[in-house]
$ cat protein-v1.txt   # compact mmCIF, C-alpha atoms
# COMPACT_ATOMS: atom_id res chain seq x y z
CA MET M 1 53.02 -14.61 -31.10
CA ARG M 2 54.03 -11.62 -33.17
CA THR M 3 51.36 -10.02 -35.37
CA ASP M 4 51.93 -9.74 -39.10
CA PRO M 5 53.71 -6.38 -39.61
CA THR M 6 51.79 -5.67 -42.83
CA ILE M 7 48.34 -5.97 -41.28
CA SER M 8 49.60 -4.18 -38.16
CA ARG M 9 50.64 -1.14 -40.19
CA LEU M 10 47.31 -1.12 -42.01
CA LEU M 11 45.35 -1.27 -38.75
CA MET M 12 47.54 1.44 -37.20
CA LEU M 13 47.00 3.65 -40.25
CA ARG M 14 43.25 3.13 -40.04
CA SER M 15 43.23 4.01 -36.33
CA GLY M 16 44.91 7.30 -37.15
CA ALA M 17 42.51 7.89 -40.04
CA ILE M 18 39.47 7.39 -37.78
CA ALA M 19 40.83 9.91 -35.30
CA VAL M 20 41.53 12.44 -38.07
CA GLN M 21 38.06 11.89 -39.57
CA LEU M 22 36.36 12.51 -36.24
CA ILE M 23 38.39 15.66 -35.55
CA ALA M 24 37.81 16.96 -39.08
CA VAL M 25 34.03 16.42 -38.95
CA LEU M 26 33.66 18.07 -35.55
CA SER M 27 35.92 20.97 -36.52
CA VAL M 28 34.07 21.67 -39.76
CA TYR M 29 30.67 21.58 -38.06
CA PHE M 30 31.39 23.47 -34.84
CA LEU M 31 34.37 25.71 -35.65
CA LEU M 32 33.87 26.49 -39.32
CA GLU M 33 30.06 26.22 -38.97
CA HIS M 34 29.56 24.44 -42.29
CA GLN M 35 26.27 22.66 -42.77
CA ILE M 36 27.17 18.99 -43.07
CA ALA M 37 25.28 15.80 -42.22
CA LEU M 38 26.83 15.54 -38.77
CA LEU M 39 24.82 12.62 -37.38
CA PRO M 40 25.17 10.32 -40.44
CA LEU M 41 28.89 11.08 -40.59
CA LEU M 42 29.32 10.25 -36.89
CA ILE M 43 27.37 7.00 -37.39
CA VAL M 44 29.63 5.97 -40.27
CA ILE M 45 32.74 6.79 -38.23
CA ALA M 46 31.33 4.81 -35.29
CA VAL M 47 30.67 1.79 -37.52
CA GLU M 48 34.20 2.09 -38.91
CA ALA M 49 35.57 2.22 -35.34
CA VAL M 50 33.65 -0.94 -34.41
CA PHE M 51 35.00 -2.68 -37.52
CA GLN M 52 38.49 -1.56 -36.51
CA LEU M 53 38.11 -3.02 -33.01
CA ILE M 54 36.88 -6.32 -34.47
CA SER M 55 39.86 -6.38 -36.86
CA LEU M 56 42.31 -5.66 -34.03
CA PHE M 57 40.85 -8.52 -32.02
CA ALA M 58 40.83 -10.91 -34.98
CA TYR M 59 44.44 -10.25 -35.98
CA ARG M 60 45.97 -9.90 -32.52
CA ASN M 61 47.71 -13.32 -32.69
CA VAL M 62 48.00 -13.83 -36.46
CA SER M 63 51.66 -14.14 -37.43
CA ARG M 64 50.94 -14.04 -41.17
CA ALA M 65 47.78 -12.54 -42.63
CA LYS M 66 46.23 -14.24 -45.65
CA PRO M 67 45.93 -12.24 -48.90
CA LEU M 68 42.14 -12.57 -48.69
CA GLY M 69 42.17 -10.89 -45.28
CA MET M 70 44.19 -7.96 -46.63
CA LEU M 71 41.81 -7.73 -49.57
CA MET M 72 38.80 -7.54 -47.24
CA GLN M 73 40.45 -4.87 -45.09
CA LEU M 74 41.26 -2.66 -48.09
CA THR M 75 37.76 -3.19 -49.51
CA ALA M 76 36.31 -1.97 -46.22
CA ASP M 77 38.56 1.10 -46.33
CA VAL M 78 37.36 1.99 -49.82
CA LEU M 79 33.71 1.52 -48.85
CA PHE M 80 33.94 3.55 -45.61
CA LEU M 81 35.79 6.38 -47.35
CA THR M 82 33.25 6.40 -50.20
CA VAL M 83 30.32 6.69 -47.79
CA LEU M 84 32.03 9.48 -45.86
CA LEU M 85 32.75 11.38 -49.07
CA SER M 86 29.20 10.92 -50.33
CA LEU M 87 27.90 12.54 -47.12
CA SER M 88 30.29 15.46 -47.36
CA GLY M 89 30.20 16.72 -50.91
CA GLY M 90 30.95 13.65 -52.98
CA ALA M 91 33.21 14.33 -55.95
CA THR M 92 33.43 18.00 -54.93
CA ASN M 93 35.17 17.09 -51.67
CA ALA M 94 38.82 18.12 -51.73
CA PHE M 95 39.80 14.86 -50.02
CA VAL M 96 38.38 12.60 -52.73
CA SER M 97 41.95 11.79 -53.82
CA LEU M 98 42.34 9.80 -50.59
CA LEU M 99 40.81 6.92 -52.55
CA LEU M 100 44.31 6.49 -53.98
CA LEU M 101 45.67 5.34 -50.60
CA PRO M 102 44.08 1.86 -50.67
CA ILE M 103 45.50 1.39 -54.18
CA MET M 104 48.98 2.29 -52.94
CA ILE M 105 48.72 -0.13 -50.04
CA ALA M 106 47.39 -2.86 -52.32
CA ALA M 107 50.29 -2.30 -54.72
CA VAL M 108 52.83 -3.32 -52.08
CA THR M 109 50.84 -6.00 -50.26
CA LEU M 110 48.66 -7.83 -52.79
CA ARG M 111 49.22 -9.78 -55.98
CA GLU M 112 48.17 -8.63 -59.43
CA LYS M 113 44.53 -9.75 -59.21
CA GLY M 114 44.00 -8.22 -55.77
CA LEU M 115 45.63 -4.96 -56.85
CA ALA M 116 43.48 -4.81 -59.97
CA TYR M 117 40.34 -5.43 -57.87
CA ILE M 118 41.13 -2.59 -55.43
CA ALA M 119 42.03 -0.22 -58.27
CA VAL M 120 38.78 -0.95 -60.13
CA LEU M 121 36.79 -0.64 -56.88
CA ALA M 122 38.33 2.77 -56.10
CA ILE M 123 37.72 4.03 -59.66
CA ALA M 124 34.13 2.75 -59.50
CA ALA M 125 33.64 4.52 -56.17
CA TYR M 126 34.92 7.82 -57.57
CA SER M 127 32.76 7.37 -60.68
CA LEU M 128 29.69 6.78 -58.51
CA LEU M 129 30.44 9.92 -56.49
CA LEU M 130 30.71 11.89 -59.74
CA ILE M 131 27.46 10.50 -61.12
CA LYS M 132 25.55 11.10 -57.88
CA MET M 133 26.73 14.71 -57.62
CA PRO M 134 23.76 17.13 -57.73
CA ASP M 135 23.16 18.86 -61.05
CA HIS M 136 22.94 22.31 -59.46
CA SER M 137 26.51 22.02 -58.28
CA MET M 138 27.59 21.51 -61.85
CA HIS M 139 25.57 24.36 -63.35
CA GLN M 140 25.87 27.00 -60.62
CA MET M 141 29.63 26.70 -60.38
CA ASN M 142 30.11 25.91 -64.08
CA MET M 143 32.63 23.30 -62.93
CA SER M 144 31.44 20.24 -64.83
CA GLY M 145 34.55 20.13 -66.98
CA HIS M 146 36.75 20.61 -63.91
CA PHE M 147 35.18 17.71 -62.01
CA ILE M 148 35.34 15.41 -65.04
CA GLY M 149 38.97 16.40 -65.48
CA MET M 150 39.60 15.53 -61.80
CA TRP M 151 38.01 12.13 -62.43
CA VAL M 152 40.21 11.51 -65.47
CA ASN M 153 43.25 12.56 -63.43
CA PHE M 154 42.23 10.12 -60.69
CA VAL M 155 41.86 7.26 -63.17
CA LEU M 156 45.28 7.99 -64.65
CA SER M 157 46.87 8.27 -61.22
CA ALA M 158 45.29 5.03 -60.07
CA SER M 159 46.46 3.25 -63.21
CA VAL M 160 50.02 4.57 -62.87
CA ILE M 161 50.16 3.60 -59.20
CA ALA M 162 48.82 0.13 -59.90
CA LEU M 163 51.23 -0.48 -62.76
CA VAL M 164 54.41 1.25 -61.62
CA ILE M 165 54.35 0.74 -57.86
CA GLY M 166 52.96 -2.77 -58.32
CA ALA M 167 55.79 -3.67 -60.70
CA MET M 168 58.39 -2.13 -58.39
CA SER M 169 56.97 -4.02 -55.42
CA ARG M 170 57.09 -7.32 -57.28
CA ALA M 171 60.67 -6.62 -58.37
CA LEU M 172 61.70 -5.87 -54.78
CA LYS M 173 60.02 -9.04 -53.52
CA GLU M 174 61.78 -11.09 -56.19
CA ARG M 175 65.08 -9.47 -55.24
CA GLU M 176 64.47 -10.25 -51.57
CA ARG M 177 63.65 -13.85 -52.47
CA ILE M 178 66.89 -14.18 -54.45
CA ILE M 179 68.91 -12.62 -51.62
CA ALA M 180 67.28 -14.99 -49.12
CA ASN M 181 68.14 -17.99 -51.33
CA VAL M 182 71.74 -16.80 -51.67
CA ARG M 183 72.03 -16.37 -47.91
CA GLU M 184 70.55 -19.82 -47.34
CA LYS M 185 73.01 -21.39 -49.79
CA GLN M 186 75.90 -19.49 -48.20
CA LEU M 187 74.91 -20.72 -44.76
CA ARG M 188 74.57 -24.25 -46.06
CA ASN M 189 77.97 -24.04 -47.75
CA GLU M 190 79.51 -22.86 -44.48
CA GLN M 191 77.97 -25.84 -42.73
CA LEU M 192 79.32 -28.16 -45.43
CA VAL M 193 82.81 -26.69 -45.17
CA THR M 194 82.73 -27.30 -41.43
CA LEU M 195 81.50 -30.85 -41.98
CA ASP M 196 84.16 -31.44 -44.64
CA GLY M 197 86.93 -30.39 -42.27
CA ALA M 198 85.55 -32.51 -39.47
CA ALA M 199 85.13 -35.52 -41.78
CA ALA M 200 88.70 -35.21 -43.09
CA GLN M 201 90.04 -34.98 -39.55
CA ILE M 202 88.04 -37.99 -38.37
CA THR M 203 89.13 -39.99 -41.42
CA HIS M 204 92.76 -39.22 -40.67
CA GLN M 205 92.28 -40.23 -37.04
CA LEU M 206 90.54 -43.49 -37.99
CA ALA M 207 93.15 -44.59 -40.49
CA THR M 208 95.72 -45.63 -37.87
CA PRO M 209 93.34 -47.56 -35.57
CA ILE M 210 91.86 -49.45 -38.53
CA ALA M 211 95.34 -50.32 -39.78
CA ASN M 212 96.29 -51.55 -36.30
CA LEU M 213 93.13 -53.63 -36.08
CA GLN M 214 93.91 -55.14 -39.48
CA LEU M 215 97.37 -56.20 -38.25
CA LEU M 216 95.94 -57.66 -35.05
CA PHE M 217 93.35 -59.55 -37.07
CA GLU M 218 96.03 -61.04 -39.32
CA GLU M 219 98.01 -62.19 -36.27
CA LEU M 220 94.91 -63.70 -34.68
CA LEU M 221 94.07 -65.45 -37.93
CA GLU M 222 97.54 -67.03 -38.00
CA ASP M 223 97.29 -68.15 -34.38
CA GLN M 224 93.65 -69.31 -34.50
CA PRO M 225 92.74 -70.03 -38.13
CA ASN M 226 89.69 -72.12 -37.17
CA ASN M 227 88.17 -69.71 -34.63
CA PRO M 228 84.71 -68.65 -35.95
CA ILE M 229 84.79 -65.35 -34.05
CA VAL M 230 88.07 -64.38 -35.69
CA LYS M 231 86.67 -65.28 -39.11
CA HIS M 232 83.61 -63.09 -38.50
CA MET M 233 85.91 -60.13 -37.93
CA GLN M 234 87.18 -60.21 -41.49
CA ALA M 235 84.08 -58.89 -43.24
CA PRO M 236 83.54 -55.72 -41.14
CA LEU M 237 87.26 -54.90 -41.11
CA THR M 238 87.46 -55.28 -44.87
CA GLN M 239 84.37 -53.10 -45.31
CA CYS M 240 85.84 -50.38 -43.06
CA SER M 241 89.12 -50.38 -44.98
CA THR M 242 87.35 -50.30 -48.34
CA GLN M 243 85.06 -47.43 -47.38
CA LEU M 244 87.98 -45.49 -45.91
CA ASN M 245 89.95 -45.89 -49.15
CA ASP M 246 86.92 -44.90 -51.20
CA PHE M 247 86.49 -41.78 -49.10
CA ARG M 248 90.11 -40.83 -49.64
CA LYS M 249 89.68 -41.23 -53.39
CA LEU M 250 86.55 -39.10 -53.38
CA SER M 251 88.29 -36.37 -51.37
CA GLU M 252 91.23 -36.39 -53.78
CA GLN M 253 88.96 -36.10 -56.80
CA LEU M 254 87.05 -33.21 -55.26
CA ARG M 255 90.24 -31.37 -54.29
CA LEU M 256 91.60 -31.73 -57.82
CA LYS M 257 88.20 -30.61 -59.18
CA ASN M 258 88.12 -33.56 -61.60
CA SER M 259 84.50 -34.19 -60.73
CA GLN M 260 82.70 -33.79 -64.05
CA GLU M 261 81.89 -37.21 -65.45
CA HIS M 262 79.28 -38.90 -67.61
CA THR M 263 77.50 -42.13 -66.80
CA THR M 264 74.64 -43.98 -68.44
CA VAL M 265 71.42 -44.78 -66.65
CA LYS M 266 72.13 -48.48 -67.04
CA GLN M 267 75.58 -48.15 -65.49
CA LEU M 268 74.19 -46.16 -62.57
CA GLN M 269 71.46 -48.76 -62.03
CA THR M 270 74.05 -51.55 -61.91
CA GLN M 271 76.19 -49.61 -59.41
CA ILE M 272 73.18 -48.97 -57.20
CA THR M 273 72.14 -52.64 -57.21
CA ASP M 274 75.64 -53.97 -56.52
CA THR M 275 76.44 -51.50 -53.75
CA LEU M 276 73.14 -51.96 -51.92
CA LEU M 277 73.49 -55.74 -52.16
CA LEU M 278 76.90 -55.45 -50.52
CA GLN M 279 75.88 -53.11 -47.72
CA TYR M 280 72.33 -54.35 -47.06
CA PRO M 281 72.08 -57.98 -48.17
CA ASP M 282 68.74 -58.36 -46.36
CA GLN M 283 67.11 -55.71 -48.59
CA HIS M 284 65.88 -56.59 -52.08
CA ILE M 285 65.61 -54.05 -54.91
CA LYS M 286 62.69 -54.31 -57.28
CA TRP M 287 63.17 -52.24 -60.44
CA ILE M 288 59.71 -51.29 -61.66
CA THR M 289 60.92 -49.93 -65.01
CA PRO M 290 63.92 -50.75 -67.24
CA PRO M 291 66.81 -48.26 -67.49
CA ILE M 292 66.26 -45.33 -69.85
CA ALA M 293 68.69 -44.95 -72.76
CA ALA M 294 70.37 -41.72 -71.64
CA THR M 295 73.70 -40.37 -70.44
CA LEU M 296 73.67 -38.43 -67.18
CA LEU M 297 75.81 -35.64 -65.78
CA SER M 298 77.72 -37.18 -62.88
CA ASP M 299 80.63 -36.74 -60.51
CA ALA M 300 82.35 -38.66 -57.73
CA MET M 301 79.61 -37.81 -55.22
CA LEU M 302 76.55 -38.84 -57.26
CA LEU M 303 76.54 -42.52 -56.28
CA PRO M 304 77.22 -41.80 -52.56
CA ALA M 305 74.41 -39.23 -52.60
CA ILE M 306 71.96 -41.82 -53.97
CA LEU M 307 73.26 -44.42 -51.53
CA ASN M 308 72.50 -42.02 -48.67
CA LEU M 309 68.85 -42.08 -49.73
CA LEU M 310 68.92 -45.87 -50.13
CA GLN M 311 70.42 -46.21 -46.66
CA ASN M 312 67.61 -44.13 -45.16
CA ALA M 313 65.07 -46.22 -47.08
CA ALA M 314 66.67 -49.47 -45.86
CA LEU M 315 66.65 -48.26 -42.25
CA ALA M 316 62.99 -47.26 -42.56
CA ASN M 317 62.21 -50.74 -43.93
CA GLN M 318 64.09 -52.48 -41.12
CA LYS M 319 62.12 -50.58 -38.50
CA GLN M 320 58.88 -51.92 -39.99
CA GLY M 321 60.22 -55.39 -40.74
CA GLN M 322 60.12 -54.83 -44.51
CA THR M 323 62.74 -56.16 -46.94
CA GLN M 324 61.82 -54.68 -50.32
CA LEU M 325 62.71 -51.37 -51.97
CA GLU M 326 60.99 -50.26 -55.16
CA LEU M 327 63.04 -48.21 -57.64
CA SER M 328 61.94 -46.85 -60.99
CA TRP M 329 62.99 -44.46 -63.76
CA GLN M 330 60.75 -41.76 -65.19
CA GLN M 331 61.02 -39.30 -68.04
CA ASP M 332 58.41 -36.71 -69.01
CA ASN M 333 58.84 -37.16 -72.76
CA LEU M 334 61.37 -38.25 -75.37
CA HIS M 335 62.88 -34.76 -75.55
CA SER M 336 63.12 -34.17 -71.81
CA GLU M 337 66.39 -32.84 -70.45
CA CYS M 338 66.21 -34.82 -67.24
CA VAL M 339 65.52 -38.27 -65.82
CA TYR M 340 63.85 -39.03 -62.50
CA LEU M 341 64.91 -41.80 -60.14
CA LEU M 342 62.20 -42.76 -57.65
CA ILE M 343 63.15 -44.65 -54.47
CA ARG M 344 60.27 -45.99 -52.41
CA ASP M 345 60.47 -47.70 -49.05
CA PHE M 346 57.73 -49.34 -47.00
CA GLY M 347 58.41 -47.65 -43.67
CA ARG M 348 56.27 -45.22 -41.71
CA GLY M 349 56.90 -42.32 -44.07
CA PHE M 350 57.82 -38.74 -43.26
CA SER M 351 56.19 -36.53 -40.69
CA SER M 352 55.09 -33.03 -41.68
CA SER M 353 58.02 -31.46 -39.81
CA GLN M 354 60.52 -33.74 -41.56
CA LEU M 355 59.09 -32.89 -44.98
CA ALA M 356 59.44 -29.18 -44.16
CA GLU M 357 63.08 -29.42 -43.06
CA LEU M 358 64.72 -32.39 -44.79
CA GLY M 359 67.15 -31.36 -47.48
CA GLY M 360 67.11 -27.71 -46.50
CA GLN M 361 68.94 -27.58 -43.19
CA LEU M 362 70.56 -29.73 -40.55
CA MET M 363 68.04 -31.29 -38.23
CA PRO M 364 68.33 -33.67 -35.27
CA SER M 365 67.65 -37.29 -36.11
CA ASP M 366 68.31 -40.56 -34.35
CA GLN M 367 69.45 -41.96 -37.71
CA GLY M 368 71.34 -38.93 -38.99
CA MET M 369 68.75 -38.63 -41.74
CA GLY M 370 68.83 -34.83 -41.88
CA LEU M 371 72.58 -34.68 -42.55
CA ALA M 372 72.51 -37.44 -45.18
CA VAL M 373 69.65 -35.88 -47.11
CA LEU M 374 71.22 -32.42 -46.86
CA LEU M 375 74.46 -33.68 -48.41
CA SER M 376 72.57 -35.57 -51.10
CA ASN M 377 70.48 -32.54 -51.96
CA VAL M 378 73.60 -30.37 -52.32
CA THR M 379 75.14 -32.93 -54.69
CA PHE M 380 72.05 -33.13 -56.89
CA GLU M 381 71.77 -29.34 -57.11
CA ARG M 382 75.43 -29.10 -58.12
CA LEU M 383 74.66 -31.48 -61.01
CA ASN M 384 71.65 -29.41 -62.16
CA GLY M 385 69.27 -31.78 -60.43
CA SER M 386 67.04 -31.72 -57.36
CA LEU M 387 65.55 -33.86 -54.62
CA THR M 388 61.88 -34.10 -53.71
CA LEU M 389 60.59 -36.06 -50.72
CA PHE M 390 56.98 -37.10 -50.21
CA ASN M 391 54.86 -39.89 -48.77
CA HIS M 392 53.41 -42.59 -51.00
CA ALA M 393 49.64 -42.88 -51.13
CA ASP M 394 49.82 -46.58 -50.20
CA GLY M 395 52.33 -46.11 -47.38
CA GLY M 396 56.02 -45.53 -47.09
CA ALA M 397 58.16 -42.66 -48.32
CA VAL M 398 59.41 -41.72 -51.79
CA ALA M 399 62.60 -39.87 -52.71
CA LYS M 400 62.37 -38.42 -56.22
CA VAL M 401 65.78 -37.54 -57.66
CA LYS M 402 66.04 -35.34 -60.73
CA LEU M 403 69.17 -36.06 -62.82
CA ALA M 404 70.32 -33.94 -65.76
CA ILE M 405 70.80 -35.61 -69.15
CA VAL M 406 73.95 -34.92 -71.17
CA ASN M 407 72.67 -36.49 -74.36
CA THR M 408 70.17 -39.18 -75.28
CA GLU M 409 71.52 -42.39 -76.74
CA ASN M 410 70.00 -44.02 -79.73
CA ASN M 411 70.21 -47.44 -78.11
CA ALA M 412 70.49 -48.64 -74.57
CA SER M 413 74.02 -49.39 -73.47

$ encode --input "protein-v1.txt" --output "structure tokens"
Amino acid sequence: MRTDPTISRLLMLRSGAIAVQLIAVLSVYFLLEHQIALLPLLIVIAVEAVFQLISLFAYRNVSRAKPLGMLMQLTADVLFLTVLLSLSGGATNAFVSLLLLPIMIAAVTLREKGLAYIAVLAIAAYSLLLIKMPDHSMHQMNMSGHFIGMWVNFVLSASVIALVIGAMSRALKERERIIANVREKQLRNEQLVTLDGAAAQITHQLATPIANLQLLFEELLEDQPNNPIVKHMQAPLTQCSTQLNDFRKLSEQLRLKNSQEHTTVKQLQTQITDTLLLQYPDQHIKWITPPIAATLLSDAMLLPAILNLLQNAALANQKQGQTQLELSWQQDNLHSECVYLLIRDFGRGFSSSQLAELGGQLMPSDQGMGLAVLLSNVTFERLNGSLTLFNHADGGAVAKVKLAIVNTENNAS
């Protein structure tokens, strides 16, 4: 498993910092012969090295670090650096500005609250170093104004970094999110174009065999009008011919781009009931709520998209021996710009992997569920709607369809 690149860079930076700290302390003490607290500094560096080894072990197989983990790591960096500075001159140390580094890292890795916390912690650490600075250092060097000015400069720098770099980082992340969504939609559109071409080709290839079967059926019916097997052939052949003609009409409408239509909720409810009764006579629809008095944005693919969901619900019911589907309408308030259609089945429900993938990409399914839901989701999004799938608390699955309202009617149609 690949480690999170953000935490990996932070740990790599800290490893380099520990090495530089050790070299700097030893060089100052032995080469420059400055009187510093060598043993306490080495102890702090050793503790920091142990913390680094623990962090490397803890994050060795973490593919995505949590924000809280990053916050703890940066907090530790601020604390270790503050202790090291306090043992080597405090606010008079030329490297006190290194407290800005955790703020910079937080600006590109954490959210607003985490960034604010690290910035305040670094400013508090610098302030503590300034307060704890010996008085004789101030008076002998007559540098009190200089050190206070350095502190003010640090506060301003920390604030600018937190505000500017933080804002730029959020803008870049938002841009990356938009680009990722555009790429995902482009990939999905390419898949749909491929499916559209394949569907058109298959439809063309099926037209002739179905027509031939219809002729053979008519001849058989003339020769054996009382044969029950021949009579049973009529219904499926008629259904195949009807669906093939409907598909041709839908394709023609989409090619001519005459897809924008309006339909009332009541009309859509009637179409749903009639079509499901024709295709799945063993399934019974129970409308929990009456139709809402509203006109919806529609096109030629809206009803087939809803029927895809109803087909999946009916198949889920059949697997569990259930025969009832519950449908209902919802609206947030009287001035809402959308209506919700809820379709509930009494099957086994969705697995966690199905909920993560359905509607977003093609996925293998013994029922073709992934393709049907993908096509339905694309249709709803084109009509300013959306599709949400979840499991019902009392069992079964629920498909929640958001449909855009054109205008609200004063009375139900």

$ atom_distance --input "protein-v1.txt" --atom1 "CA of Leu278 (chain M)" --atom2 "CA of Glu326 (chain M)"
17.4 Å

$ atom_distance --input "protein-v1.txt" --atom1 "CA of Ala316 (chain M)" --atom2 "CA of Val265 (chain M)"
25.6 Å

$ residues_around --input "protein-v1.txt" --residues "region 78-83 of chain M" --least-positions-apart "2" --cutoff "12 Å" --atoms "only C-alpha atoms" --output "number ranges by chain"
M: 14, 17-18, 21, 37, 40-49, 51-52, 71-76, 85-91, 93, 95-103, 105-106, 117-130, 132

$ closest_residue --input "protein-v1.txt" --among "M:Ala107, M:Val62, M:Val339, M:Ile54" --to "Ile7 (chain M)" --atoms "only C-alpha atoms"
M:Val62

$ residues_around --input "protein-v1.txt" --residues "His284 (chain M)" --least-positions-apart "5" --cutoff "7 Å" --atoms "only C-alpha atoms" --output "list of chain:residue names"
M:Thr323, M:Gln324, M:Leu325

$ closest_residue --input "protein-v1.txt" --among "M:Asn308, M:Leu374, M:Ala294, M:Thr270" --to "Ile405 (chain M)" --atoms "all atoms listed in the file"
M:Ala294

$ atom_distance --input "protein-v1.txt" --atom1 "CA of Asn391 (chain M)" --atom2 "CA of Gly349 (chain M)"
5.7 Å

$ residues_near_point --input "protein-v1.txt" --point "(55.0, -35.1, -51.9)" --cutoff "10 Å" --atoms "only C-alpha atoms" --output "ChimeraX atom specification"
/M:350,355,388-393,397-400

$ residues_around --input "protein-v1.txt" --residues "Leu206 (chain M)" --least-positions-apart "5" --cutoff "9 Å" --atoms "all atoms listed in the file" --output "list in words"
Gln201, Ala211 and Leu244 of chain M

$ closest_residue --input "protein-v1.txt" --among "M:Asn384, M:Asn312, M:Ser241, M:Gln330" --to "Trp287 (chain M)" --atoms "only C-alpha atoms"
M:Gln330

$ residues_around --input "protein-v1.txt" --residues "Met12 (chain M)" --least-positions-apart "6" --cutoff "12 Å" --atoms "only C-alpha atoms" --output "PyMOL selection string"
chain M and resi 5-6+18-19+52-53+55-56

$ residues_around --input "protein-v1.txt" --residues "Ser328 (chain M)" --least-positions-apart "5" --cutoff "9 Å" --atoms "all atoms listed in the file" --output "PDB file with C-alpha atoms, in the frame of the given file"
ATOM      1  CA  LYS M 286      62.690 -54.310 -57.280  1.00  0.00           C
ATOM      2  CA  TRP M 287      63.170 -52.240 -60.440  1.00  0.00           C
ATOM      3  CA  ILE M 288      59.710 -51.290 -61.660  1.00  0.00           C
ATOM      4  CA  THR M 289      60.920 -49.930 -65.010  1.00  0.00           C
ATOM      5  CA  PRO M 290      63.920 -50.750 -67.240  1.00  0.00           C
ATOM      6  CA  PRO M 291      66.810 -48.260 -67.490  1.00  0.00           C
ATOM      7  CA  TYR M 340      63.850 -39.030 -62.500  1.00  0.00           C
ATOM      8  CA  LEU M 341      64.910 -41.800 -60.140  1.00  0.00           C
ATOM      9  CA  LEU M 342      62.200 -42.760 -57.650  1.00  0.00           C
ATOM     10  CA  ILE M 343      63.150 -44.650 -54.470  1.00  0.00           C
ATOM     11  CA  ARG M 344      60.270 -45.990 -52.410  1.00  0.00           C
TER      12      ARG M 344
END

$ closest_residue --input "protein-v1.txt" --among "M:Gly396, M:Pro225, M:Gly114, M:Gly145" --to "Lys319 (chain M)" --atoms "only C-alpha atoms"
M:Gly396

$ closest_residue --input "protein-v1.txt" --among "M:Asp299, M:Glu33, M:Glu219, M:Glu184" --to "Thr379 (chain M)" --atoms "only C-alpha atoms"
M:Asp299
